Every structure is written in C-alpha cells, then in structure tokens.
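K.L.:
Take a look at query_20.pdb, PDB, C-alpha atoms and all ligand atoms:
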ATOM      1  CA  MET A   1     -24.313  17.559   5.055  1.00  0.00           C
ATOM      2  CA  ARG A   2     -24.843  16.339   1.512  1.00  0.00           C
ATOM      3  CA  LYS A   3     -22.206  14.192  -0.128  1.00  0.00           C
ATOM      4  CA  LYS A   4     -21.574  16.754  -2.841  1.00  0.00           C
ATOM      5  CA  GLU A   5     -20.725  19.353  -0.201  1.00  0.00           C
ATOM      6  CA  ARG A   6     -18.234  16.987   1.453  1.00  0.00           C
ATOM      7  CA  TYR A   7     -16.403  16.691  -1.859  1.00  0.00           C
ATOM      8  CA  GLN A   8     -16.403  20.464  -2.268  1.00  0.00           C
ATOM      9  CA  HIS A   9     -14.894  20.905   1.210  1.00  0.00           C
ATOM     10  CA  LEU A  10     -12.288  18.226   0.545  1.00  0.00           C
ATOM     11  CA  ILE A  11     -11.167  19.707  -2.773  1.00  0.00           C
ATOM     12  CA  GLU A  12     -11.194  23.256  -1.410  1.00  0.00           C
ATOM     13  CA  TYR A  13      -9.072  22.349   1.610  1.00  0.00           C
ATOM     14  CA  PHE A  14      -6.431  20.361  -0.225  1.00  0.00           C
ATOM     15  CA  THR A  15      -6.262  22.610  -3.292  1.00  0.00           C
ATOM     16  CA  HIS A  16      -5.498  25.498  -0.965  1.00  0.00           C
ATOM     17  CA  ASN A  17      -3.182  23.702   1.469  1.00  0.00           C
ATOM     18  CA  PHE A  18      -1.570  20.975  -0.593  1.00  0.00           C
ATOM     19  CA  PRO A  19      -1.744  22.044  -4.234  1.00  0.00           C
ATOM     20  CA  GLU A  20       1.031  19.821  -5.631  1.00  0.00           C
ATOM     21  CA  PRO A  21       0.971  16.451  -3.844  1.00  0.00           C
ATOM     22  CA  GLU A  22       3.418  13.793  -5.010  1.00  0.00           C
ATOM     23  CA  THR A  23       4.010  10.113  -4.526  1.00  0.00           C
ATOM     24  CA  GLU A  24       6.524   9.279  -1.807  1.00  0.00           C
ATOM     25  CA  LEU A  25       8.109   6.576  -3.959  1.00  0.00           C
ATOM     26  CA  ALA A  26      11.499   7.580  -5.369  1.00  0.00           C
ATOM     27  CA  TYR A  27      11.702   7.277  -9.155  1.00  0.00           C
ATOM     28  CA  GLY A  28      13.105   9.057 -12.184  1.00  0.00           C
ATOM     29  CA  ASN A  29      10.962   7.807 -15.056  1.00  0.00           C
ATOM     30  CA  ALA A  30       7.927   5.668 -15.876  1.00  0.00           C
ATOM     31  CA  TYR A  31       9.938   2.441 -15.963  1.00  0.00           C
ATOM     32  CA  GLU A  32      11.399   3.043 -12.502  1.00  0.00           C
ATOM     33  CA  LEU A  33       8.014   4.006 -11.086  1.00  0.00           C
ATOM     34  CA  ILE A  34       6.338   0.834 -12.280  1.00  0.00           C
ATOM     35  CA  LEU A  35       9.049  -1.242 -10.584  1.00  0.00           C
ATOM     36  CA  ALA A  36       8.596   0.744  -7.367  1.00  0.00           C
ATOM     37  CA  VAL A  37       4.809   0.445  -7.401  1.00  0.00           C
ATOM     38  CA  VAL A  38       4.956  -3.325  -7.977  1.00  0.00           C
ATOM     39  CA  LEU A  39       7.377  -3.610  -5.054  1.00  0.00           C
ATOM     40  CA  SER A  40       5.184  -1.436  -2.824  1.00  0.00           C
ATOM     41  CA  ALA A  41       2.341  -3.976  -2.653  1.00  0.00           C
ATOM     42  CA  GLN A  42       1.976  -4.934   1.042  1.00  0.00           C
ATOM     43  CA  CYS A  43       5.096  -2.896   1.811  1.00  0.00           C
ATOM     44  CA  THR A  44       5.810   0.669   2.879  1.00  0.00           C
ATOM     45  CA  ASP A  45       7.132   3.276   0.452  1.00  0.00           C
ATOM     46  CA  LYS A  46      10.014   3.955   2.837  1.00  0.00           C
ATOM     47  CA  ARG A  47      11.204   0.374   2.662  1.00  0.00           C
ATOM     48  CA  VAL A  48      10.815   0.275  -1.120  1.00  0.00           C
ATOM     49  CA  ASN A  49      12.879   3.468  -1.402  1.00  0.00           C
ATOM     50  CA  LEU A  50      15.712   1.732   0.441  1.00  0.00           C
ATOM     51  CA  VAL A  51      16.087  -0.971  -2.208  1.00  0.00           C
ATOM     52  CA  THR A  52      15.244   0.793  -5.458  1.00  0.00           C
ATOM     53  CA  PRO A  53      18.462   2.842  -5.958  1.00  0.00           C
ATOM     54  CA  ALA A  54      20.555  -0.327  -6.326  1.00  0.00           C
ATOM     55  CA  LEU A  55      17.803  -2.037  -8.333  1.00  0.00           C
ATOM     56  CA  TYR A  56      17.569   0.882 -10.791  1.00  0.00           C
ATOM     57  CA  GLU A  57      21.341   0.939 -11.126  1.00  0.00           C
ATOM     58  CA  GLN A  58      21.635  -2.776 -11.821  1.00  0.00           C
ATOM     59  CA  PHE A  59      18.653  -2.877 -14.214  1.00  0.00           C
ATOM     60  CA  PRO A  60      18.519   0.625 -15.712  1.00  0.00           C
ATOM     61  CA  THR A  61      16.256  -0.238 -18.669  1.00  0.00           C
ATOM     62  CA  PRO A  62      13.499  -2.745 -19.504  1.00  0.00           C
ATOM     63  CA  GLN A  63      16.062  -4.559 -21.676  1.00  0.00           C
ATOM     64  CA  HIS A  64      18.347  -5.106 -18.681  1.00  0.00           C
ATOM     65  CA  LEU A  65      15.443  -6.410 -16.617  1.00  0.00           C
ATOM     66  CA  ALA A  66      14.229  -8.617 -19.470  1.00  0.00           C
ATOM     67  CA  ALA A  67      17.640 -10.302 -19.588  1.00  0.00           C
ATOM     68  CA  ALA A  68      17.580 -11.090 -15.853  1.00  0.00           C
ATOM     69  CA  THR A  69      16.251 -14.164 -14.084  1.00  0.00           C
ATOM     70  CA  PRO A  70      14.171 -13.924 -10.888  1.00  0.00           C
ATOM     71  CA  GLU A  71      17.177 -15.361  -9.046  1.00  0.00           C
ATOM     72  CA  GLU A  72      19.321 -12.451 -10.240  1.00  0.00           C
ATOM     73  CA  ILE A  73      16.702  -9.893  -9.188  1.00  0.00           C
ATOM     74  CA  TYR A  74      15.951 -11.440  -5.799  1.00  0.00           C
ATOM     75  CA  PRO A  75      19.093 -10.222  -3.918  1.00  0.00           C
ATOM     76  CA  PHE A  76      18.171  -6.611  -4.693  1.00  0.00           C
ATOM     77  CA  ILE A  77      14.676  -6.876  -3.213  1.00  0.00           C
ATOM     78  CA  LYS A  78      15.061  -9.553  -0.553  1.00  0.00           C
ATOM     79  CA  SER A  79      14.411  -7.120   2.328  1.00  0.00           C
ATOM     80  CA  ILE A  80      10.883  -6.232   1.190  1.00  0.00           C
ATOM     81  CA  SER A  81       7.710  -8.291   1.519  1.00  0.00           C
ATOM     82  CA  TYR A  82       7.099 -11.259  -0.792  1.00  0.00           C
ATOM     83  CA  PRO A  83      10.504 -11.036  -2.529  1.00  0.00           C
ATOM     84  CA  ASN A  84      10.194 -14.358  -4.378  1.00  0.00           C
ATOM     85  CA  ASN A  85       6.917 -13.471  -6.057  1.00  0.00           C
ATOM     86  CA  LYS A  86       7.990  -9.929  -6.750  1.00  0.00           C
ATOM     87  CA  ALA A  87      11.282 -11.080  -8.326  1.00  0.00           C
ATOM     88  CA  LYS A  88       9.249 -13.287 -10.679  1.00  0.00           C
ATOM     89  CA  HIS A  89       6.882 -10.417 -11.460  1.00  0.00           C
ATOM     90  CA  LEU A  90       9.716  -8.020 -12.244  1.00  0.00           C
ATOM     91  CA  ALA A  91      11.472 -10.524 -14.524  1.00  0.00           C
ATOM     92  CA  GLY A  92       8.209 -11.140 -16.396  1.00  0.00           C
ATOM     93  CA  LEU A  93       7.408  -7.446 -16.483  1.00  0.00           C
ATOM     94  CA  GLY A  94      10.759  -6.627 -18.107  1.00  0.00           C
ATOM     95  CA  LYS A  95      10.240  -9.295 -20.753  1.00  0.00           C
ATOM     96  CA  MET A  96       6.719  -8.171 -21.577  1.00  0.00           C
ATOM     97  CA  LEU A  97       7.717  -4.502 -21.810  1.00  0.00           C
ATOM     98  CA  VAL A  98      10.421  -5.408 -24.331  1.00  0.00           C
ATOM     99  CA  GLU A  99       8.484  -8.019 -26.302  1.00  0.00           C
ATOM    100  CA  GLN A 100       5.048  -6.397 -26.442  1.00  0.00           C
ATOM    101  CA  PHE A 101       5.425  -2.703 -25.687  1.00  0.00           C
ATOM    102  CA  ASN A 102       8.629  -1.697 -27.455  1.00  0.00           C
ATOM    103  CA  ALA A 103      10.339  -1.235 -24.065  1.00  0.00           C
ATOM    104  CA  GLU A 104       7.913   1.593 -23.174  1.00  0.00           C
ATOM    105  CA  VAL A 105       5.531   1.663 -20.217  1.00  0.00           C
ATOM    106  CA  PRO A 106       2.031   1.718 -21.733  1.00  0.00           C
ATOM    107  CA  SER A 107      -0.350   4.494 -20.752  1.00  0.00           C
ATOM    108  CA  SER A 108      -3.724   2.765 -20.793  1.00  0.00           C
ATOM    109  CA  VAL A 109      -5.043   1.071 -17.681  1.00  0.00           C
ATOM    110  CA  GLU A 110      -6.106  -1.927 -19.766  1.00  0.00           C
ATOM    111  CA  GLU A 111      -2.644  -2.487 -21.252  1.00  0.00           C
ATOM    112  CA  LEU A 112      -0.885  -1.838 -17.973  1.00  0.00           C
ATOM    113  CA  GLN A 113      -2.937  -4.576 -16.333  1.00  0.00           C
ATOM    114  CA  LYS A 114      -1.511  -7.132 -18.770  1.00  0.00           C
ATOM    115  CA  LEU A 115       1.915  -6.738 -17.138  1.00  0.00           C
ATOM    116  CA  PRO A 116       2.910  -9.295 -14.466  1.00  0.00           C
ATOM    117  CA  GLY A 117       2.350  -8.000 -10.933  1.00  0.00           C
ATOM    118  CA  VAL A 118       0.231  -5.091 -12.153  1.00  0.00           C
ATOM    119  CA  GLY A 119      -3.356  -5.080 -10.912  1.00  0.00           C
ATOM    120  CA  ARG A 120      -5.931  -2.351 -11.308  1.00  0.00           C
ATOM    121  CA  LYS A 121      -4.540  -0.292  -8.420  1.00  0.00           C
ATOM    122  CA  THR A 122      -0.982  -0.275  -9.779  1.00  0.00           C
ATOM    123  CA  ALA A 123      -2.227   0.441 -13.296  1.00  0.00           C
ATOM    124  CA  ASN A 124      -4.222   3.400 -12.013  1.00  0.00           C
ATOM    125  CA  VAL A 125      -1.198   4.765 -10.145  1.00  0.00           C
ATOM    126  CA  ILE A 126       0.947   4.673 -13.294  1.00  0.00           C
ATOM    127  CA  ALA A 127      -1.795   6.148 -15.493  1.00  0.00           C
ATOM    128  CA  SER A 128      -2.377   8.904 -12.982  1.00  0.00           C
ATOM    129  CA  VAL A 129       1.166   9.765 -11.837  1.00  0.00           C
ATOM    130  CA  VAL A 130       3.034   9.302 -15.108  1.00  0.00           C
ATOM    131  CA  TYR A 131       0.389  10.166 -17.674  1.00  0.00           C
ATOM    132  CA  ASN A 132      -1.793  12.487 -15.565  1.00  0.00           C
ATOM    133  CA  GLN A 133      -4.916  10.539 -16.514  1.00  0.00           C
ATOM    134  CA  PRO A 134      -8.104  10.625 -14.418  1.00  0.00           C
ATOM    135  CA  ALA A 135      -7.488   7.210 -12.824  1.00  0.00           C
ATOM    136  CA  MET A 136      -8.197   6.738  -9.116  1.00  0.00           C
ATOM    137  CA  ALA A 137      -6.022   4.087  -7.464  1.00  0.00           C
ATOM    138  CA  VAL A 138      -7.795   2.784  -4.374  1.00  0.00           C
ATOM    139  CA  ASP A 139      -5.370   1.361  -1.830  1.00  0.00           C
ATOM    140  CA  THR A 140      -6.067   0.631   1.814  1.00  0.00           C
ATOM    141  CA  HIS A 141      -5.692   4.316   2.790  1.00  0.00           C
ATOM    142  CA  VAL A 142      -7.969   5.662   0.078  1.00  0.00           C
ATOM    143  CA  PHE A 143     -10.526   2.967   0.884  1.00  0.00           C
ATOM    144  CA  ARG A 144     -10.585   3.758   4.617  1.00  0.00           C
ATOM    145  CA  VAL A 145     -10.443   7.559   4.408  1.00  0.00           C
ATOM    146  CA  SER A 146     -13.148   7.756   1.736  1.00  0.00           C
ATOM    147  CA  LYS A 147     -15.490   5.787   3.947  1.00  0.00           C
ATOM    148  CA  ARG A 148     -14.722   7.704   7.115  1.00  0.00           C
ATOM    149  CA  LEU A 149     -15.139  11.074   5.456  1.00  0.00           C
ATOM    150  CA  GLY A 150     -18.460   9.966   3.978  1.00  0.00           C
ATOM    151  CA  LEU A 151     -17.306  10.331   0.379  1.00  0.00           C
ATOM    152  CA  VAL A 152     -18.614   6.864  -0.427  1.00  0.00           C
ATOM    153  CA  THR A 153     -21.400   4.731   0.988  1.00  0.00           C
ATOM    154  CA  GLN A 154     -20.657   2.329   3.822  1.00  0.00           C
ATOM    155  CA  ASN A 155     -21.805  -0.570   1.663  1.00  0.00           C
ATOM    156  CA  ALA A 156     -19.044   0.009  -0.892  1.00  0.00           C
ATOM    157  CA  HIS A 157     -17.273  -3.261  -0.170  1.00  0.00           C
ATOM    158  CA  THR A 158     -14.562  -3.425  -2.823  1.00  0.00           C
ATOM    159  CA  PRO A 159     -11.851  -1.053  -4.077  1.00  0.00           C
ATOM    160  CA  LEU A 160     -13.598  -0.979  -7.457  1.00  0.00           C
ATOM    161  CA  GLU A 161     -16.882   0.181  -5.902  1.00  0.00           C
ATOM    162  CA  VAL A 162     -15.037   2.918  -3.993  1.00  0.00           C
ATOM    163  CA  GLU A 163     -13.166   3.903  -7.150  1.00  0.00           C
ATOM    164  CA  LYS A 164     -16.410   4.249  -9.119  1.00  0.00           C
ATOM    165  CA  GLN A 165     -18.088   6.345  -6.429  1.00  0.00           C
ATOM    166  CA  LEU A 166     -15.087   8.677  -6.078  1.00  0.00           C
ATOM    167  CA  MET A 167     -14.863   9.064  -9.847  1.00  0.00           C
ATOM    168  CA  ALA A 168     -18.525  10.045 -10.011  1.00  0.00           C
ATOM    169  CA  TYR A 169     -17.935  13.117  -7.835  1.00  0.00           C
ATOM    170  CA  ILE A 170     -14.318  14.244  -8.277  1.00  0.00           C
ATOM    171  CA  PRO A 171     -13.707  16.392 -11.374  1.00  0.00           C
ATOM    172  CA  LYS A 172     -11.454  14.585 -13.881  1.00  0.00           C
ATOM    173  CA  GLU A 173      -8.679  17.165 -13.714  1.00  0.00           C
ATOM    174  CA  VAL A 174      -8.519  16.827  -9.916  1.00  0.00           C
ATOM    175  CA  VAL A 175      -8.459  13.010  -9.747  1.00  0.00           C
ATOM    176  CA  PRO A 176      -4.647  12.550  -9.947  1.00  0.00           C
ATOM    177  CA  LYS A 177      -4.169  14.948  -7.026  1.00  0.00           C
ATOM    178  CA  ALA A 178      -7.091  13.592  -5.005  1.00  0.00           C
ATOM    179  CA  HIS A 179      -5.488  10.154  -5.101  1.00  0.00           C
ATOM    180  CA  HIS A 180      -2.396  11.522  -3.330  1.00  0.00           C
ATOM    181  CA  TRP A 181      -4.428  13.664  -0.921  1.00  0.00           C
ATOM    182  CA  LEU A 182      -6.402  10.684   0.334  1.00  0.00           C
ATOM    183  CA  ILE A 183      -3.361   8.406   0.576  1.00  0.00           C
ATOM    184  CA  LEU A 184      -1.261  10.916   2.490  1.00  0.00           C
ATOM    185  CA  HIS A 185      -4.133  11.860   4.783  1.00  0.00           C
ATOM    186  CA  GLY A 186      -4.630   8.178   5.583  1.00  0.00           C
ATOM    187  CA  ARG A 187      -0.936   7.569   6.087  1.00  0.00           C
ATOM    188  CA  TYR A 188      -0.330  10.420   8.525  1.00  0.00           C
ATOM    189  CA  ILE A 189      -3.629  11.627  10.067  1.00  0.00           C
ATOM    190  CA  CYS A 190      -6.560   9.314   9.454  1.00  0.00           C
ATOM    191  CA  VAL A 191      -4.538   6.246  10.404  1.00  0.00           C
ATOM    192  CA  ALA A 192      -6.169   2.846  10.585  1.00  0.00           C
ATOM    193  CA  ARG A 193      -6.315   1.994  14.267  1.00  0.00           C
ATOM    194  CA  LYS A 194      -6.793   5.391  15.923  1.00  0.00           C
ATOM    195  CA  PRO A 195      -7.511   8.279  13.579  1.00  0.00           C
ATOM    196  CA  LYS A 196      -5.895  11.494  14.823  1.00  0.00           C
ATOM    197  CA  CYS A 197      -9.112  13.493  14.819  1.00  0.00           C
ATOM    198  CA  ALA A 198      -7.797  15.979  17.391  1.00  0.00           C
ATOM    199  CA  VAL A 199      -5.321  17.323  14.836  1.00  0.00           C
ATOM    200  CA  CYS A 200      -7.326  16.670  11.687  1.00  0.00           C
ATOM    201  CA  PRO A 201      -8.301  19.713   9.601  1.00  0.00           C
ATOM    202  CA  LEU A 202     -11.258  17.915   8.017  1.00  0.00           C
ATOM    203  CA  THR A 203     -13.509  17.486  11.064  1.00  0.00           C
ATOM    204  CA  HIS A 204     -16.029  20.068   9.856  1.00  0.00           C
ATOM    205  CA  PHE A 205     -17.218  17.747   7.109  1.00  0.00           C
ATOM    206  CA  CYS A 206     -16.068  14.272   8.234  1.00  0.00           C
ATOM    207  CA  LYS A 207     -18.957  11.885   8.692  1.00  0.00           C
ATOM    208  CA  PHE A 208     -17.045   9.585  11.040  1.00  0.00           C
ATOM    209  CA  TYR A 209     -16.059  12.498  13.262  1.00  0.00           C
ATOM    210  CA  GLN A 210     -19.564  13.886  13.371  1.00  0.00           C
ATOM    211  CA  THR A 211     -20.967  10.487  14.264  1.00  0.00           C
ATOM    212  CA  HIS A 212     -18.357   9.370  16.799  1.00  0.00           C
ATOM    213  CA  TRP A 213     -16.830  12.495  18.310  1.00  0.00           C
ATOM    214  CA  PRO A 214     -18.765  12.645  21.616  1.00  0.00           C
ATOM    215  CA  ASN A 215     -17.625   9.099  22.427  1.00  0.00           C
ATOM    216  CA  MET A 216     -14.103   9.733  21.255  1.00  0.00           C
ATOM    217  CA  LEU A 217     -13.670  12.410  23.921  1.00  0.00           C
ATOM    218  CA  ASP A 218     -13.350   9.535  26.385  1.00  0.00           C
ATOM    219  CA  ASP A 219      -9.986   8.806  24.801  1.00  0.00           C
ATOM    220  CA  PRO A 220      -7.321  11.109  26.377  1.00  0.00           C
ATOM    221  CA  GLU A 221      -5.413  11.208  23.075  1.00  0.00           C
ATOM    222  CA  ASN A 222      -8.359  12.945  21.477  1.00  0.00           C
ATOM    223  CA  ARG A 223      -8.838  15.694  24.049  1.00  0.00           C
ATOM    224  CA  LEU A 224      -7.935  19.118  22.807  1.00  0.00           C
ATOM    225  CA  GLY A 225      -5.902  21.214  25.242  1.00  0.00           C
TER     226      GLY A 225
HETATM  227  S1  LIG A 301     -11.806  13.698  11.488  1.00  0.00           S
HETATM  228 FE1  LIG A 301     -10.879  11.766  12.172  1.00  0.00          FE
HETATM  229  S2  LIG A 301     -11.940  10.157  11.019  1.00  0.00           S
HETATM  230 FE2  LIG A 301     -12.355  12.114   9.986  1.00  0.00          FE
HETATM  231  S3  LIG A 301     -10.799  12.270   8.395  1.00  0.00           S
HETATM  232 FE3  LIG A 301     -10.017  13.339  10.184  1.00  0.00          FE
HETATM  233  S4  LIG A 301      -8.805  11.794  11.283  1.00  0.00           S
HETATM  234 FE4  LIG A 301     -10.127  10.697   9.830  1.00  0.00          FE
END
Rewrite the coordinates I just gave you, this time as structure tokens.
Ligand code: SF4
P.N.:
Amino acid sequence: MRKKERYQHLIEYFTHNFPEPETELAYGNAYELILAVVLSAQCTDKRVNLVTPALYEQFPTPQHLAAATPEEIYPFIKSISYPNNKAKHLAGLGKMLVEQFNAEVPSSVEELQKLPGVGRKTANVIASVVYNQPAMAVDTHVFRVSKRLGLVTQNAHTPLEVEKQLMAYIPKEVVPKAHHWLILHGRYICVARKPKCAVCPLTHFCKFYQTHWPNMLDDPENRLG
C-alpha cells in the first residue's frame, strides 16, 4: 500500500469514528493549558489533572504566577515528575507572560518557544489546541504510532523529522485533530510494549501489523477468538 493511501485510511477512519477528539488535560483557558502542558512533560495527563485544580485556584492569572517564587509553586506540583525544575519553569513563564506578552499566551510557535519550559512540542500543542493552527506536536505516542502505521519512514529519527513528514501529507485543516488521534491511539491501543493489534481497527493499513502479524499469532494475547 502506498503511503498516501495509508493517510487516506487513517483520516477516513478517525473522521468517521472520532470526529471531535480533545486533549485529556483539564483546563479552562489558554493560560491554564500552557501550565498543564508544561507539567505534563514526562508525566501522565491523569496525574497532572490531580494537581492543576489547586494550582489554577492559587495562581488564577499570569500576574499571580509572576508574583510567585518557585518555592511557593513547588508544594502545588510536588507529586508530579521533576517538580523542582517545573516550579522554576512556571515562575519564569508567569514573569515572561506578564513582562513580554501583556499577560496573554502568544499564538505563534516561535514566540511560544521563548517561554521557560516550552519546547517545540509544547508550543505546537498550544498553537494547535488553543489557536487551531496546523501545528503537529510529536510526543512519544505520535512518534511511535506514526512509524508503526507506516506514515513516516523508519529512518525518521527525531520528533522534528516525524513532524515534517506528517505535515507533508495531512491536510492543514485536519492537523489539530490528527495530533489527538495519534496520541490517543498510542495511549490506549498501540501501546509501547505490546500493541493491542487484536483489537485495533487500523490493521487493514498498518505497516507494522502487515509485516509482523504472522509471528504475533504466537502470542496468546493476540489470538482472536
Ligand atoms: S495494528 Fe497494531 S501496530 Fe498497527 S496501529 Fe494497530 S495496534 Fe499499532
């Protein structure tokens, strides 16, 4: 199957079955989402969602966050990964939003990346989720699923290479949704250690499945019926 056809199958399936995918991070506005996405690095969305209600309440605006020290932020995020670094990032992020961006979350990927703790992936998430821009955030799930499905070449070694290849094939207006489709598929079906091919609806165009399936039948978890 040609790569272009794989993309067509992917978009057809998800457009029909999952037309309005959303992030699983809890947030109410752009400012809250950027805090949540910074906290979600190397951490699950579920765990982030446990700490953000109190964080949002204590620091409801960029001005509140800008006035806080990392030590004051730390107790609210101490149960997630890398709390010391993330407390520093959030304090710096609040200050920069107030001092350089008029307390607004910028919309361009370039400006977003100037904020402490915000790399290309986080910037793409904000641009895509908040501003509905055609920005593809490549996290570990998107990276893995894109390769397994055969959407990108096996020699795409970095998130940026995967991002560029996905962007070359996915129509701009579909990119924000495709980001969620690939993340959620990777989180729940095409999991890292043992992809759940037996219950996956994408087998008819998945390159990994078509290459490995005969051998995978040796695994009892993958036997149908
Ligand atoms: S068929 Fe298997 S490898 Fe392919 S996308 Fe589905 S779960 Fe992942």
K.L.:
Do you have, as CSV, the list of residues of chain A lying at most 10 Å from ligand LIG 301 (chain A), each with its nearest atom pair and that distance in Å to one decimal, counting all atoms listed in the file and ordered by chain then number?
P.N.:
residue,atom,partner,partner_atom,distance
A:Leu10,CA,A:LIG301,S3,10.0
A:Arg144,CA,A:LIG301,FE4,8.7
A:Val145,CA,A:LIG301,S3,6.2
A:Ser146,CA,A:LIG301,S3,8.4
A:Lys147,CA,A:LIG301,S2,9.0
A:Arg148,CA,A:LIG301,S2,5.4
A:Leu149,CA,A:LIG301,S3,5.4
A:Gly150,CA,A:LIG301,FE2,8.8
A:Leu182,CA,A:LIG301,S3,9.3
A:His185,CA,A:LIG301,S3,7.6
A:Gly186,CA,A:LIG301,FE4,7.4
A:Tyr188,CA,A:LIG301,S4,9.0
A:Ile189,CA,A:LIG301,S4,5.3
A:Cys190,CA,A:LIG301,S4,3.8
A:Val191,CA,A:LIG301,S4,7.1
A:Ala192,CA,A:LIG301,FE4,8.8
A:Lys194,CA,A:LIG301,S4,8.2
A:Pro195,CA,A:LIG301,S4,4.4
A:Lys196,CA,A:LIG301,S4,4.6
A:Cys197,CA,A:LIG301,FE1,3.6
A:Ala198,CA,A:LIG301,FE1,7.4
A:Val199,CA,A:LIG301,S4,7.4
A:Cys200,CA,A:LIG301,FE3,4.5
A:Pro201,CA,A:LIG301,FE3,6.6
A:Leu202,CA,A:LIG301,FE3,5.2
A:Thr203,CA,A:LIG301,S1,4.2
A:His204,CA,A:LIG301,S1,7.8
A:Phe205,CA,A:LIG301,FE2,8.0
A:Cys206,CA,A:LIG301,FE2,4.6
A:Lys207,CA,A:LIG301,FE2,6.7
A:Phe208,CA,A:LIG301,S2,5.1
A:Tyr209,CA,A:LIG301,S1,4.8
A:Gln210,CA,A:LIG301,S1,8.0
A:Thr211,CA,A:LIG301,S2,9.6
A:His212,CA,A:LIG301,S2,8.7
A:Trp213,CA,A:LIG301,S1,8.6
A:Met216,CA,A:LIG301,FE1,9.9
A:Asn222,CA,A:LIG301,FE1,9.7
K.L.:
Please evaluate the PyMOL selection byres (((chain A and resi 96) around 12) and not hetatm) against the structure above and give the resulting residues as a PyMOL selection string.
P.N.:
chain A and resi 62-63+65-67+89-95+97-106+111-118
K.L.:
Can you turn the PyMOL selection byres (((chain A and resi 56) around 12) and not hetatm) into a concrete residue list for this file, as a VMD selection string?
P.N.:
chain A and resid 26 to 36 48 to 55 57 to 62 64 to 65 73 76 to 77 90
K.L.:
Using the selection just defined, write its residues with C-alpha atoms as a PDB file, keeping the file's coordinate frame.
P.N.:
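Contents of the output file out.pdb:
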ATOM      1  CA  ALA A  26      11.499   7.580  -5.369  1.00  0.00           C
ATOM      2  CA  TYR A  27      11.702   7.277  -9.155  1.00  0.00           C
ATOM      3  CA  GLY A  28      13.105   9.057 -12.184  1.00  0.00           C
ATOM      4  CA  ASN A  29      10.962   7.807 -15.056  1.00  0.00           C
ATOM      5  CA  ALA A  30       7.927   5.668 -15.876  1.00  0.00           C
ATOM      6  CA  TYR A  31       9.938   2.441 -15.963  1.00  0.00           C
ATOM      7  CA  GLU A  32      11.399   3.043 -12.502  1.00  0.00           C
ATOM      8  CA  LEU A  33       8.014   4.006 -11.086  1.00  0.00           C
ATOM      9  CA  ILE A  34       6.338   0.834 -12.280  1.00  0.00           C
ATOM     10  CA  LEU A  35       9.049  -1.242 -10.584  1.00  0.00           C
ATOM     11  CA  ALA A  36       8.596   0.744  -7.367  1.00  0.00           C
ATOM     12  CA  VAL A  48      10.815   0.275  -1.120  1.00  0.00           C
ATOM     13  CA  ASN A  49      12.879   3.468  -1.402  1.00  0.00           C
ATOM     14  CA  LEU A  50      15.712   1.732   0.441  1.00  0.00           C
ATOM     15  CA  VAL A  51      16.087  -0.971  -2.208  1.00  0.00           C
ATOM     16  CA  THR A  52      15.244   0.793  -5.458  1.00  0.00           C
ATOM     17  CA  PRO A  53      18.462   2.842  -5.958  1.00  0.00           C
ATOM     18  CA  ALA A  54      20.555  -0.327  -6.326  1.00  0.00           C
ATOM     19  CA  LEU A  55      17.803  -2.037  -8.333  1.00  0.00           C
ATOM     20  CA  GLU A  57      21.341   0.939 -11.126  1.00  0.00           C
ATOM     21  CA  GLN A  58      21.635  -2.776 -11.821  1.00  0.00           C
ATOM     22  CA  PHE A  59      18.653  -2.877 -14.214  1.00  0.00           C
ATOM     23  CA  PRO A  60      18.519   0.625 -15.712  1.00  0.00           C
ATOM     24  CA  THR A  61      16.256  -0.238 -18.669  1.00  0.00           C
ATOM     25  CA  PRO A  62      13.499  -2.745 -19.504  1.00  0.00           C
ATOM     26  CA  HIS A  64      18.347  -5.106 -18.681  1.00  0.00           C
ATOM     27  CA  LEU A  65      15.443  -6.410 -16.617  1.00  0.00           C
ATOM     28  CA  ILE A  73      16.702  -9.893  -9.188  1.00  0.00           C
ATOM     29  CA  PHE A  76      18.171  -6.611  -4.693  1.00  0.00           C
ATOM     30  CA  ILE A  77      14.676  -6.876  -3.213  1.00  0.00           C
ATOM     31  CA  LEU A  90       9.716  -8.020 -12.244  1.00  0.00           C
TER      32      LEU A  90
END
K.L.:
Enter the distance from atom CA of Thr140 of chain A to atom CA of Ser81 of chain A, in Å, rounded to one decimal.
P.N.:
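Spanning atom CA of Thr140 of chain A to atom CA of Ser81 of chain A is a straight-line distance of 16.4 Å.
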K.L.:
Could you jot down the atom CA of Pro134 of chain A to atom CA of Val175 of chain A separation for me, Å, one decimal place?
P.N.:
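Going from atom CA of Pro134 of chain A over to atom CA of Val175 of chain A covers 5.3 Å.
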K.L.:
I'd like the contact shell of segment 170-172 of chain A - 9 Å cut-off, only C-alpha atoms, skipping same-chain residues fewer than 5 positions apart - returned as a CSV table (one decimal) with C-alpha atoms, keeping the file's coordinate frame.
P.N.:
chain,number,residue,atom,x,y,z
A,7,TYR,CA,-16.4,16.7,-1.9
A,8,GLN,CA,-16.4,20.5,-2.3
A,11,ILE,CA,-11.2,19.7,-2.8
A,133,GLN,CA,-4.9,10.5,-16.5
A,134,PRO,CA,-8.1,10.6,-14.4
A,135,ALA,CA,-7.5,7.2,-12.8
A,165,GLN,CA,-18.1,6.3,-6.4
A,178,ALA,CA,-7.1,13.6,-5.0
